[in-house]
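The next block holds one structure in the form of structure tokens; read it before the comments.
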Amino acid sequence: MISSCKIFSAPLQGFTTHIWRNAHARIFGGIDAYYSPFMRIEHGNFLNRDINDVKPENNQGITFTPQILACNPVDALHMVQHLKENAYTHININLGCPFPPIALKHKGSGMLPYPQEVSALFQALKSVEGISYSVKMRLGWQDDDDWRNILPLMDLLSPTHIIVHPCIGKDQYKGNLNHDAFTEMVKVSHYPLIYNGNIQSMRDIEEITRQYPSIQGVMIGRALASDPALLCPEKATPDNYRKLHNLIYSHYAATLDGGEHQVLKKMQSFWEMYLLHADRKCRKAIKKATSIAKYEAALESLFNTL
Ligand SMILES: Cc1cc2nc3c(=O)[nH]c(=O)nc-3n(C[C@H](O)[C@H](O)[C@H](O)COP(=O)(O)O)c2cc1C
């Protein structure tokens, strides 16, 4: 069952950067496609870090899909044009972000209660020649029935697939997943679905594909960020975990110009998601380190306990 099921790496803003994607593919692998965290337009401009993250030269040798988040056709077309100029032919549309400052501006999952806005967005996107789309969505913002008004609009976009995280935006990452709604979606969708949400293991993938045999694949976020060897247990060695860490660490050390403190803060935020199964005391020491020397000492202890 698993062999026919595609496995996608979920976008995690601030974590699954091109550095992580390349490191993961090189050391661990097992992913059919990596999705970038969303790019967005702020005050009429792209963010440099978004532009850098989707540069084709930063994503070579991996199957990679850039994602955009927009609340209006103008911004969306601006991003699509940029990606098209960079030779991308497939783009993912974010209708799932639950972060209130974003959702309250009718972006991400905050657009789901407004079918007219989704319709305008899809029509504009479809007008661009040579680009195909996929959509990543939740069931709704506050109401887990919003999707019922959105699914019929998919014909305006003809997405290659729809990635569904079956919960509402208001619940952020805490609420229950609504399997009844996903089951219904599987029945009525004209487009292939990808299941996303709380997959923790190969066994979970087997269970999901058994439960929903017609889905095209699954997408995994936090569990893969925590354990990059989730799909290849034979590669779960301290050496490989260290290698991935070191590629991220050396990138920040070489590119951040705010000195040791900035590198330390970046790495501590990386550990918010990395190796959650590792020794609790060592993880705490890493998060509390006040200097790079203390950080590196805590790191040594952690890798020695793996
Ligand atoms: C810190 C964080 C950042 C995220 N950033 C994005 C993003 O940029 N784009 C997106 O579509 N989803 C984003 N997500 C949602 C994930 O892609 C995924 O849908 C969600 O975590 C559920 O999957 P999981 O249970 O396997 O983690 C983010 C989630 C987290 C926790």
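Labeling convention for the structure tokens: chains A, B, ... as they appear, residues from 1 per chain, ligands from 1 in order of appearance.
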
Spatial neighbours of Ala103 (chain A), max dist 12 Å, only C-alpha atoms, sep filter under 2 positions, as number ranges by chain: A: 69-71, 94-101, 105-114, 138, 140-142, 168-170, 172

For ligand 1, list the contacting residues at 7 Å or closer, counting only C-alpha atoms and all ligand atoms, as a list in words. Ala10, Pro11, Leu12, Gln13, Gly14, Ser36, Pro37, Phe38, Asn94, Gly96, Cys97, Lys136, His165, Tyr173, Asn196, Gly197, Asn198, Ile199, Met219, Ile220, Gly221, Arg222 and Ala223 of chain A

Include N, CA and C atoms and write out the residues we just selected as a short mmCIF file (atom, residue, chain, number, x, y, z; two decimals), in the first residue's frame.
```
data_model
loop_
_atom_site.label_atom_id
_atom_site.label_comp_id
_atom_site.auth_asym_id
_atom_site.auth_seq_id
_atom_site.Cartn_x
_atom_site.Cartn_y
_atom_site.Cartn_z
N ALA A 10 6.06 18.55 4.42
CA ALA A 10 5.20 19.73 4.60
C ALA A 10 6.05 20.99 4.78
N PRO A 11 5.51 22.12 4.34
CA PRO A 11 6.22 23.37 4.60
C PRO A 11 6.10 23.75 6.08
N LEU A 12 7.21 24.12 6.70
CA LEU A 12 7.19 24.62 8.07
C LEU A 12 7.99 25.91 8.06
N GLN A 13 7.29 27.02 8.11
CA GLN A 13 7.92 28.33 8.04
C GLN A 13 9.07 28.43 9.06
N GLY A 14 10.23 28.85 8.63
CA GLY A 14 11.37 29.02 9.53
C GLY A 14 12.15 27.73 9.75
N SER A 36 7.84 24.32 -0.17
CA SER A 36 8.49 25.43 0.55
C SER A 36 7.49 26.08 1.50
N PRO A 37 8.00 26.69 2.58
CA PRO A 37 7.12 27.56 3.37
C PRO A 37 6.59 28.66 2.44
N PHE A 38 5.44 29.24 2.77
CA PHE A 38 4.83 30.19 1.84
C PHE A 38 5.69 31.43 1.63
N ASN A 94 -1.59 28.39 -0.66
CA ASN A 94 -1.85 28.18 0.77
C ASN A 94 -3.23 28.70 1.15
N GLY A 96 -4.41 27.38 4.13
CA GLY A 96 -4.44 26.65 5.39
C GLY A 96 -3.84 27.38 6.57
N CYS A 97 -3.04 28.42 6.32
CA CYS A 97 -2.32 29.05 7.44
C CYS A 97 -3.31 29.53 8.51
N LYS A 136 -3.26 23.71 -0.72
CA LYS A 136 -3.13 23.12 0.62
C LYS A 136 -4.12 23.83 1.51
N HIS A 165 -5.50 19.31 5.50
CA HIS A 165 -5.24 19.15 6.93
C HIS A 165 -6.62 19.28 7.57
N TYR A 173 -2.85 24.28 16.02
CA TYR A 173 -2.30 22.92 15.87
C TYR A 173 -2.77 21.99 16.98
N ASN A 196 -2.98 15.21 5.30
CA ASN A 196 -1.94 15.81 6.15
C ASN A 196 -2.47 15.99 7.58
N GLY A 197 -1.63 15.68 8.55
CA GLY A 197 -1.99 15.97 9.94
C GLY A 197 -1.64 14.86 10.89
N ASN A 198 -0.71 15.19 11.82
CA ASN A 198 -0.37 14.30 12.95
C ASN A 198 0.17 12.94 12.56
N ILE A 199 0.76 12.80 11.40
CA ILE A 199 1.39 11.51 11.06
C ILE A 199 2.72 11.45 11.80
N MET A 219 1.21 13.94 3.53
CA MET A 219 2.21 14.99 3.76
C MET A 219 2.55 15.00 5.24
N ILE A 220 3.85 15.10 5.54
CA ILE A 220 4.29 15.02 6.95
C ILE A 220 5.08 16.29 7.30
N GLY A 221 4.74 16.89 8.42
CA GLY A 221 5.41 18.11 8.85
C GLY A 221 6.26 17.91 10.09
N ARG A 222 5.63 18.12 11.25
CA ARG A 222 6.41 18.19 12.49
C ARG A 222 7.17 16.91 12.83
N ALA A 223 6.57 15.74 12.53
CA ALA A 223 7.26 14.50 12.90
C ALA A 223 8.53 14.31 12.08
#
```

Across A:Lys287, A:His179, A:Lys281, A:Arg26, the smallest distance to Pro228 (chain A), with only C-alpha atoms counted, is shown by A:Arg26

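Minimum atom-to-atom distance to Glu300 (chain A), evaluated using only C-alpha atoms, belongs to A:Pro238 out of A:Leu275, A:Asp227, A:Lys265, A:Pro238.
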
Near Gln268 (chain A), counting only C-alpha atoms, which residues have an atom at most 9 Å away, once you skip same-chain residues fewer than 5 positions from it, shown as an MDAnalysis selection string? chainID A and resid 263 286:289 295

Requested write-out: N, CA and C atoms of the selected residues, as a PDB file, in the first residue's frame:
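Once written, result.pdb looks like this:
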```
ATOM      1  N   VAL A 263      23.321  33.616  15.847  1.00  0.00           N
ATOM      2  CA  VAL A 263      23.446  32.200  15.446  1.00  0.00           C
ATOM      3  C   VAL A 263      22.845  31.309  16.545  1.00  0.00           C
ATOM      4  N   ILE A 286      20.602  22.816  25.779  1.00  0.00           N
ATOM      5  CA  ILE A 286      20.773  23.487  24.478  1.00  0.00           C
ATOM      6  C   ILE A 286      19.939  24.759  24.438  1.00  0.00           C
ATOM      7  N   LYS A 287      18.688  24.644  24.878  1.00  0.00           N
ATOM      8  CA  LYS A 287      17.783  25.803  24.793  1.00  0.00           C
ATOM      9  C   LYS A 287      18.174  26.912  25.752  1.00  0.00           C
ATOM     10  N   LYS A 288      18.866  26.539  26.853  1.00  0.00           N
ATOM     11  CA  LYS A 288      19.227  27.547  27.864  1.00  0.00           C
ATOM     12  C   LYS A 288      20.632  28.090  27.653  1.00  0.00           C
ATOM     13  N   ALA A 289      21.382  27.531  26.709  1.00  0.00           N
ATOM     14  CA  ALA A 289      22.790  27.944  26.530  1.00  0.00           C
ATOM     15  C   ALA A 289      22.860  29.451  26.280  1.00  0.00           C
ATOM     16  N   TYR A 295      26.558  26.092  24.117  1.00  0.00           N
ATOM     17  CA  TYR A 295      25.694  25.400  23.149  1.00  0.00           C
ATOM     18  C   TYR A 295      26.390  24.152  22.614  1.00  0.00           C
TER      19      TYR A 295
END
```

Surrounding residues of Leu83 (chain A) excluding itself and chain neighbours under 6 positions, 12 Å, only C-alpha atoms, as a count of residues only: 23

When you count only C-alpha atoms, which of these residues is closest to Ser4 (chain A): A:Glu260, A:Ser301, A:Leu247, A:Ile205? A:Ile205

Can you check which residues of region 13-216 of chain A DSSP gives as alpha helix (DSSP H) on the backbone and send them as number ranges by chain? A: 18-27, 48-54, 73-85, 100-103, 115-126, 147-150, 179-188, 202-211

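Here the question is which of A:Gln123, A:Asp143, A:Arg280, A:Trp271 gets nearest to Tyr249 (chain A) using only C-alpha atoms, and that residue is A:Trp271.
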
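Residues surrounding Phe122 (chain A) within 10 Å are Asn72, Pro73, Ala76, Ile93, Gln116, Glu117, Val118, Lys126, Ser127, Tyr133, Leu153, Met154, Asp155, Leu156, Leu157, Ser158 and Pro159 of chain A [only C-alpha atoms; sequence separation below 4 positions excluded].
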
Writing out the chosen residues with C-alpha atoms as an mmCIF file, in the first residue's frame:
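What ended up in selection21.cif:
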```cif
data_model
loop_
_atom_site.group_PDB
_atom_site.id
_atom_site.type_symbol
_atom_site.label_atom_id
_atom_site.label_comp_id
_atom_site.auth_asym_id
_atom_site.auth_seq_id
_atom_site.Cartn_x
_atom_site.Cartn_y
_atom_site.Cartn_z
ATOM 1 C CA ASN A 72 -5.817 39.133 -3.516
ATOM 2 C CA PRO A 73 -5.234 38.369 -7.188
ATOM 3 C CA ALA A 76 -0.831 36.303 -6.166
ATOM 4 C CA ILE A 93 -1.607 27.773 -3.008
ATOM 5 C CA GLN A 116 -16.102 34.911 -3.616
ATOM 6 C CA GLU A 117 -12.538 35.853 -2.701
ATOM 7 C CA VAL A 118 -11.323 32.317 -3.350
ATOM 8 C CA LYS A 126 -5.792 30.149 -13.904
ATOM 9 C CA SER A 127 -5.279 32.985 -16.395
ATOM 10 C CA TYR A 133 -1.467 24.441 -9.262
ATOM 11 C CA LEU A 153 -14.631 26.292 -6.880
ATOM 12 C CA MET A 154 -11.708 23.963 -7.561
ATOM 13 C CA ASP A 155 -13.030 23.574 -11.118
ATOM 14 C CA LEU A 156 -11.897 27.177 -11.710
ATOM 15 C CA LEU A 157 -8.318 26.129 -10.969
ATOM 16 C CA SER A 158 -8.235 22.412 -11.869
ATOM 17 C CA PRO A 159 -5.573 21.653 -9.276
#
```

Quick one, how far is CA of Pro166 (chain A) from CA of Gly29 (chain A)? 26.3 Å

Pick out each residue of region 20-238 of chain A that DSSP on the backbone tags as strand (DSSP E or B); I need them as number ranges by chain. A: 33-39, 41-42, 45-46, 64-68, 90-95, 132-140, 162-168, 193-196, 217-220

Those residues you just picked out, can you put them in a file as a CSV table (one decimal), in the first residue's frame with N, CA and C atoms?
```
chain,number,residue,atom,x,y,z
A,33,ALA,N,8.3,14.9,-2.7
A,33,ALA,CA,8.4,16.3,-3.1
A,33,ALA,C,8.5,17.1,-1.8
A,34,TYR,N,9.3,18.1,-1.8
A,34,TYR,CA,9.4,19.1,-0.7
A,34,TYR,C,8.6,20.3,-1.1
A,35,TYR,N,7.8,20.8,-0.1
A,35,TYR,CA,7.0,22.0,-0.3
A,35,TYR,C,7.7,23.2,0.5
A,36,SER,N,7.8,24.3,-0.2
A,36,SER,CA,8.5,25.4,0.6
A,36,SER,C,7.5,26.1,1.5
A,37,PRO,N,8.0,26.7,2.6
A,37,PRO,CA,7.1,27.6,3.4
A,37,PRO,C,6.6,28.7,2.4
A,38,PHE,N,5.4,29.2,2.8
A,38,PHE,CA,4.8,30.2,1.8
A,38,PHE,C,5.7,31.4,1.6
A,39,MET,N,5.7,31.9,0.4
A,39,MET,CA,6.2,33.2,0.1
A,39,MET,C,5.0,34.2,0.1
A,41,ILE,N,3.8,38.7,-0.1
A,41,ILE,CA,4.1,40.1,-0.4
A,41,ILE,C,3.8,40.9,0.8
A,42,GLU,N,4.8,41.7,1.2
A,42,GLU,CA,4.5,42.6,2.3
A,42,GLU,C,4.8,44.0,1.9
A,45,ASN,N,6.1,44.4,-1.5
A,45,ASN,CA,7.4,43.8,-1.9
A,45,ASN,C,7.6,42.3,-1.5
A,46,PHE,N,8.5,41.6,-2.2
A,46,PHE,CA,8.9,40.3,-1.8
A,46,PHE,C,9.8,40.4,-0.6
A,64,PHE,N,10.8,19.8,-5.9
A,64,PHE,CA,10.5,21.0,-5.0
A,64,PHE,C,9.3,21.7,-5.5
A,65,THR,N,8.3,22.1,-4.7
A,65,THR,CA,7.2,22.9,-5.1
A,65,THR,C,7.2,24.2,-4.2
A,66,PRO,N,7.2,25.3,-4.9
A,66,PRO,CA,7.1,26.6,-4.1
A,66,PRO,C,5.6,26.8,-3.7
A,67,GLN,N,5.5,27.5,-2.6
A,67,GLN,CA,4.1,27.8,-2.1
A,67,GLN,C,3.9,29.3,-2.0
A,68,ILE,N,2.7,29.8,-2.4
A,68,ILE,CA,2.4,31.2,-2.2
A,68,ILE,C,1.2,31.4,-1.3
A,90,HIS,N,4.9,24.5,-11.6
A,90,HIS,CA,3.8,24.1,-10.6
A,90,HIS,C,4.0,24.9,-9.3
A,91,ILE,N,2.9,25.4,-8.8
A,91,ILE,CA,2.9,26.2,-7.6
A,91,ILE,C,1.8,25.8,-6.7
A,92,ASN,N,2.1,25.8,-5.4
A,92,ASN,CA,1.1,25.4,-4.4
A,92,ASN,C,0.4,26.7,-3.7
A,93,ILE,N,-0.9,26.6,-3.6
A,93,ILE,CA,-1.6,27.8,-3.0
A,93,ILE,C,-2.0,27.5,-1.6
A,94,ASN,N,-1.6,28.4,-0.7
A,94,ASN,CA,-1.8,28.2,0.8
A,94,ASN,C,-3.2,28.7,1.2
A,95,LEU,N,-4.1,27.8,1.5
A,95,LEU,CA,-5.4,28.1,2.1
A,95,LEU,C,-5.6,27.5,3.4
A,132,SER,N,0.6,25.0,-13.5
A,132,SER,CA,-0.4,24.2,-12.9
A,132,SER,C,-0.3,24.4,-11.4
A,133,TYR,N,-1.4,24.1,-10.7
A,133,TYR,CA,-1.5,24.4,-9.3
A,133,TYR,C,-1.9,23.2,-8.4
A,134,SER,N,-1.5,23.3,-7.2
A,134,SER,CA,-2.1,22.4,-6.2
A,134,SER,C,-2.6,23.4,-5.0
A,135,VAL,N,-3.4,22.9,-4.2
A,135,VAL,CA,-3.9,23.7,-3.1
A,135,VAL,C,-3.7,22.9,-1.8
A,136,LYS,N,-3.3,23.7,-0.7
A,136,LYS,CA,-3.1,23.1,0.6
A,136,LYS,C,-4.1,23.8,1.5
A,137,MET,N,-5.1,23.1,2.1
A,137,MET,CA,-6.1,23.7,2.8
A,137,MET,C,-6.5,23.0,4.1
A,138,ARG,N,-7.2,23.8,5.0
A,138,ARG,CA,-7.9,23.2,6.1
A,138,ARG,C,-9.3,23.1,5.8
A,139,LEU,N,-10.1,22.6,6.7
A,139,LEU,CA,-11.6,22.4,6.4
A,139,LEU,C,-12.3,23.8,6.5
A,140,GLY,N,-11.7,24.7,7.3
A,140,GLY,CA,-12.4,26.0,7.4
A,140,GLY,C,-11.6,26.9,8.3
A,162,ILE,N,-5.1,18.2,-4.0
A,162,ILE,CA,-5.5,19.1,-2.9
A,162,ILE,C,-5.0,18.4,-1.6
A,163,ILE,N,-4.1,19.2,-0.9
A,163,ILE,CA,-3.6,18.7,0.4
A,163,ILE,C,-4.5,19.1,1.5
A,164,VAL,N,-5.0,18.2,2.3
A,164,VAL,CA,-6.0,18.6,3.3
A,164,VAL,C,-5.5,18.3,4.7
A,165,HIS,N,-5.5,19.3,5.5
A,165,HIS,CA,-5.2,19.2,6.9
A,165,HIS,C,-6.6,19.3,7.6
A,166,PRO,N,-7.3,18.1,7.9
A,166,PRO,CA,-8.7,18.2,8.2
A,166,PRO,C,-9.0,18.7,9.6
A,167,CYS,N,-8.8,20.0,9.8
A,167,CYS,CA,-9.2,20.7,11.0
A,167,CYS,C,-9.5,22.2,10.7
A,168,ILE,N,-9.8,23.0,11.7
A,168,ILE,CA,-10.1,24.4,11.4
A,168,ILE,C,-9.0,25.3,11.8
A,193,LEU,N,-6.7,13.7,-3.5
A,193,LEU,CA,-6.4,14.3,-2.2
A,193,LEU,C,-5.1,13.7,-1.6
A,194,ILE,N,-4.5,14.6,-0.8
A,194,ILE,CA,-3.3,14.2,0.0
A,194,ILE,C,-3.7,14.5,1.4
A,195,TYR,N,-3.5,13.5,2.3
A,195,TYR,CA,-3.8,13.6,3.7
A,195,TYR,C,-2.7,14.2,4.4
A,196,ASN,N,-3.0,15.2,5.3
A,196,ASN,CA,-1.9,15.8,6.1
A,196,ASN,C,-2.5,16.0,7.6
A,217,GLY,N,-1.6,10.5,-1.6
A,217,GLY,CA,-0.4,10.5,-0.8
A,217,GLY,C,-0.7,11.1,0.6
A,218,VAL,N,0.4,11.2,1.3
A,218,VAL,CA,0.4,11.9,2.6
A,218,VAL,C,1.4,13.0,2.7
A,219,MET,N,1.2,13.9,3.5
A,219,MET,CA,2.2,15.0,3.8
A,219,MET,C,2.6,15.0,5.2
A,220,ILE,N,3.9,15.1,5.5
A,220,ILE,CA,4.3,15.0,6.9
A,220,ILE,C,5.1,16.3,7.3
```

In Å, with one decimal, what is the gap from CA of Lys235 (chain A) to CA of Thr16 (chain A)? 19.3 Å

Selection near region 241-246 of chain A, 8 Å with only C-alpha atoms, sequence-local residues under 5 positions removed, as a PyMOL selection string: chain A and resi 20+23-24+27+228+236+303

Please dump the current selection as a PDB file, in the first residue's frame; keep C-alpha atoms.
```pdb
ATOM      1  CA  TRP A  20      17.073  21.872   5.545  1.00  0.00           C
ATOM      2  CA  ALA A  23      20.364  18.449   3.821  1.00  0.00           C
ATOM      3  CA  HIS A  24      17.398  16.181   4.399  1.00  0.00           C
ATOM      4  CA  ILE A  27      21.377  12.538   4.223  1.00  0.00           C
ATOM      5  CA  PRO A 228      14.399  13.272   9.712  1.00  0.00           C
ATOM      6  CA  ALA A 236      18.594   6.969  12.283  1.00  0.00           C
ATOM      7  CA  PHE A 303      24.608  13.452  20.500  1.00  0.00           C
TER       8      PHE A 303
END
```

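Between Glu296 (chain A) and the residues A:Asp75, A:Ser214, A:Tyr88, A:Cys282, the shortest atom-to-atom distance, using only C-alpha atoms, involves A:Cys282.
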
Just the residues within 8 Å of Gly30 (chain A), please, counting only C-alpha atoms, with nothing from its chain fewer than 3 positions along; format it as a list in words. Ile7, Ala25, Leu231 and Cys232 of chain A

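Coordinates place CA of Pro213 (chain A) at a distance of 20.3 Å from CA of Leu151 (chain A).
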